[in-house]
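First the structure, in the form of structure tokens, and then the observations on it.
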Amino acid sequence: MTVRTRFAPSPTGFLHIGGARTALFSWAFARRHGGTFILRIEDTDVARSTPAAVQAILDGMRWLGLAHDEGPFYQMQRMDRYKVVIGQMLEAGTAYHCYTPTEELDALREAQRSRGEKPRYDGRWRPESGKVLPTPPVGVPPVVRFRNPQSGVVAWNDQVKGRVEFANAELDDLVIARADGTPTYNFCVVVDDWDMGITHVIRGDDHVNNTPRQVNILKALGATVPTYAHLSMILGDDGQKLSKRHGAVSVMQYDEDGFLPEAVLNYLARLGWSHGDEEVFTMAQFVEWFDLDHITSSAAQFNTEKLLWLNQHFLKQADDSGLAAETKRRLEAQGISTAGGPDLLKVVALYKDRAATLKELADAVHPLYAEVHASSELRAQHLTEAARAALATLCERLVDIAWEKTAIGPAIKETAIAAGLKMPQVAMPLRVILLGQAQTPSIDAIIEVMGRELVLDRLKRGLA
């Protein structure tokens with residue numbers, strides 16, 4: 001059997017963390033087994049689906065690097081196929097027309113609720129042997145209902161939850177086509193999975209209640225039922241349902257906030273799945289290790305601090321040239337040019353160990369390319385008379401020394417000793433004048449990458 005998986009988001013919003021994890025697991029399972037990963041856009045909710053949301057999904061998948069092998073397929077472009085299958089089911093007797101007006105259905109359900117019963121369609125238009133159906137009302141377009149089995153159970157061996165079963169008596173006859181002829185969600189999903197030869201459906205456990213209906217329709221069509229794996233939900237740091245305040249934002253917001261896609265993928269992989277005690281790994285390793293057996297059935301918990309820790313790890317390991325290009329892009333988006341400034345490759349190499357995100361990295365190197373003036377409080381704290389005199393002396397020494405930190409560091413230290421000051425009493429005010437802040441990487445390394453001309457210019461103006 002050739003494994004065929006699918007990711008089938010509805011374009012009614014952005015691609016969020018939960019959807020991204022589903023996509024990752026479906027992608028990885030296909031890759032692990034040399035199979036095919038399909039992207040399907042379930043856009044039948046015309047009122048809520050938007051082109052912007054479709055683009056947000058495509059952008060998120062592209063940023064994460066989860067390339068699909070087939071698709072994207074759009075359900076709205078498959079309407080003719082759905083109508084053909086509905087016609088076949090009507091002819092086969094596995095579906096039927098129902099003319100019950102909406103008002104009658106509402107009244108029926110209200111009466112059932114008042115009696116403490118589960119609201120459900122009562123099968124009044126369901127054809128049965130010996131049953132006389134009412135005369136179809138003139139001018140009333142019917143819906144089409146699936147003729148669900150009324151006895152027995154529908155069951156499947158869920159790869160995450162184990163055996164799951166529902167009594168067919170609990171399932172009423174689902175509407176598979178509305179009165180205007182448009183097919184409904186559960187029906188479209190079935191036909192798509194059937195036509196696309198999906199072998200494994202990996203999706204969130206919010207779809208568990210849809211599965212028995214979909215299995216029964218597949219069986220009525222004579223189609224092979226896929227293997228199902230329903231992933232547990234993701235909770236926020238506080239154990240509550242994931243929301244925007246926890247991180248349930250667009251995947252592209254993580255890009256905006258400076259996270260690396262490989263860090264986000266690594267983090268998502270560990271939300272409900274594990275391989276021993278491995279915490280940090282490449283996507284190649286993940287694909288090699290991934291299976292459905294090690295997905296936990298308990299809810300996963302989103303932890304922002306853990307994601308930041310992972311991102312910092314990947315940032316430290318990242319290639320400097322790639323980081324420099326990304327930092328340049330972020331600075332230019334703020335209207336800051338790196339042209340003519342310090343060598344960005346060297347600057348990034350110097351700063352990357354101190355940043356947890358690309359945003360932090362860009363913010364940290366910003367003062368090297370656009371002068372940032374220290375607050376009056378910071379200047380008053382560090383630029384004492386003694387410090388200013390020492391920096392004036394240092395400025396003179398920096399004019400003609402070798403421009404490398406092995407010479408710059410001793411020059412700063414000797415200047416401090418000659419002025420009767422401790423090293424921080426010179427280094428801190430030096431940082432304040434050069435970069436507008438008291439905390440930076442090693443000051444001799446900073447001065448080296450800034451270059452003689454920029455350093456002397458800022459020193460002279462800062463001491464004026």
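By order in the structure tokens, chains are A, B, ...; within a chain, residues start at 1; ligands start at 1, following the order shown.
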Practice problem: Please provide the set of residues having any atom within 12 Å of Ala269 in chain A, restricted to only C-alpha atoms, with same-chain residues fewer than 3 positions apart removed, written as a ChimeraX atom specification. | Solution: /A:17-18,20-29,262-266,272-275,278-283,285-287,289-292,294-296,300,302,307
Quiz item: Quick one: DSSP alpha helix (DSSP H) residues in range 364-414 of chain A, as number ranges by chain?
Solution: A: 364-369, 376-382, 385-397, 405-414
Exercise. Using only C-alpha atoms, determine which residues lie at most 8 Å from Arg6 in chain A, disregarding the query and same-chain residues fewer than 6 positions distant; provide the list as a PyMOL selection string.
Key: chain A and resi 23+26-27+37-40+198+200-202
Writer output for current selection, C-alpha atoms, as a PDB file, in the first residue's frame:
```pdb
ATOM      1  CA  ALA A  23       0.014  19.357   8.655  1.00  0.00           C
ATOM      2  CA  SER A  26       0.520  14.236   8.011  1.00  0.00           C
ATOM      3  CA  TRP A  27       3.543  15.405   5.992  1.00  0.00           C
ATOM      4  CA  PHE A  37       1.191  14.331   0.933  1.00  0.00           C
ATOM      5  CA  ILE A  38      -1.847  16.155  -0.460  1.00  0.00           C
ATOM      6  CA  LEU A  39      -3.039  19.698   0.274  1.00  0.00           C
ATOM      7  CA  ARG A  40      -6.780  20.208   0.014  1.00  0.00           C
ATOM      8  CA  ILE A 198      -6.329   8.753   1.161  1.00  0.00           C
ATOM      9  CA  HIS A 200      -4.407   7.700   6.544  1.00  0.00           C
ATOM     10  CA  VAL A 201      -6.433  10.591   7.944  1.00  0.00           C
ATOM     11  CA  ILE A 202      -4.451  12.426  10.624  1.00  0.00           C
TER      12      ILE A 202
END
```
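For the choices A:Tyr96, A:Phe187, A:Phe166, A:Trp194, the atom-to-atom distance to Val144 in chain A is smallest for A:Tyr96 when using only C-alpha atoms.
Counting only C-alpha atoms, the residue from A:Gln317, A:Thr440, A:Thr304, A:Pro424 that sits nearest to Tyr351 in chain A is A:Thr440.
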Quiz item: So which residues touch Asp353 in chain A within 12 Å, counting only C-alpha atoms, skipping near sequence neighbours fewer than 5 positions away, as JSON, numbers by chain?
Solution: {"A": [309, 311, 312, 313, 314, 315, 316, 317, 318, 320, 323, 347, 348, 358, 360, 361, 364, 440, 441]}
Any chance you could tabulate, as CSV, the residues of range 175-287 of chain A at most 12 Å from range 97-114 of chain A with each one's nearest atom pair and distance in Å to one decimal, using only C-alpha atoms, in chain and rising number order?
```
residue,atom,partner,partner_atom,distance
A:Val175,CA,A:Cys98,CA,8.9
A:Ile176,CA,A:His97,CA,10.2
A:Ala177,CA,A:His97,CA,9.4
A:Arg178,CA,A:Cys98,CA,10.0
A:Ala179,CA,A:Tyr99,CA,8.9
A:Gly181,CA,A:His97,CA,11.3
```
May I have the residues from that selection written out with N, CA and C atoms, as a PDB file, in the first residue's frame?
```pdb
ATOM      1  N   VAL A 175     -27.886  15.260   6.487  1.00  0.00           N
ATOM      2  CA  VAL A 175     -28.109  15.984   5.231  1.00  0.00           C
ATOM      3  C   VAL A 175     -26.781  16.017   4.472  1.00  0.00           C
ATOM      4  N   ILE A 176     -26.778  15.506   3.251  1.00  0.00           N
ATOM      5  CA  ILE A 176     -25.546  15.515   2.454  1.00  0.00           C
ATOM      6  C   ILE A 176     -25.621  16.513   1.296  1.00  0.00           C
ATOM      7  N   ALA A 177     -26.816  17.037   1.027  1.00  0.00           N
ATOM      8  CA  ALA A 177     -26.962  18.115   0.045  1.00  0.00           C
ATOM      9  C   ALA A 177     -28.094  19.023   0.503  1.00  0.00           C
ATOM     10  N   ARG A 178     -27.835  20.311   0.495  1.00  0.00           N
ATOM     11  CA  ARG A 178     -28.833  21.285   0.925  1.00  0.00           C
ATOM     12  C   ARG A 178     -29.907  21.463  -0.153  1.00  0.00           C
ATOM     13  N   ALA A 179     -30.927  22.220   0.202  1.00  0.00           N
ATOM     14  CA  ALA A 179     -32.049  22.419  -0.730  1.00  0.00           C
ATOM     15  C   ALA A 179     -31.611  23.110  -2.019  1.00  0.00           C
ATOM     16  N   GLY A 181     -28.927  22.427  -3.504  1.00  0.00           N
ATOM     17  CA  GLY A 181     -28.108  21.476  -4.243  1.00  0.00           C
ATOM     18  C   GLY A 181     -26.653  21.424  -3.813  1.00  0.00           C
TER      19      GLY A 181
END
```
Exercise. With a distance cut-off of 8 Å and only C-alpha atoms, select the neighbouring residues of Gln301 in chain A, excluding the residue or stretch itself and same-chain residues fewer than 2 positions from it, and output the selection as a PyMOL selection string.
Key: chain A and resi 234-237+239+271+299+303
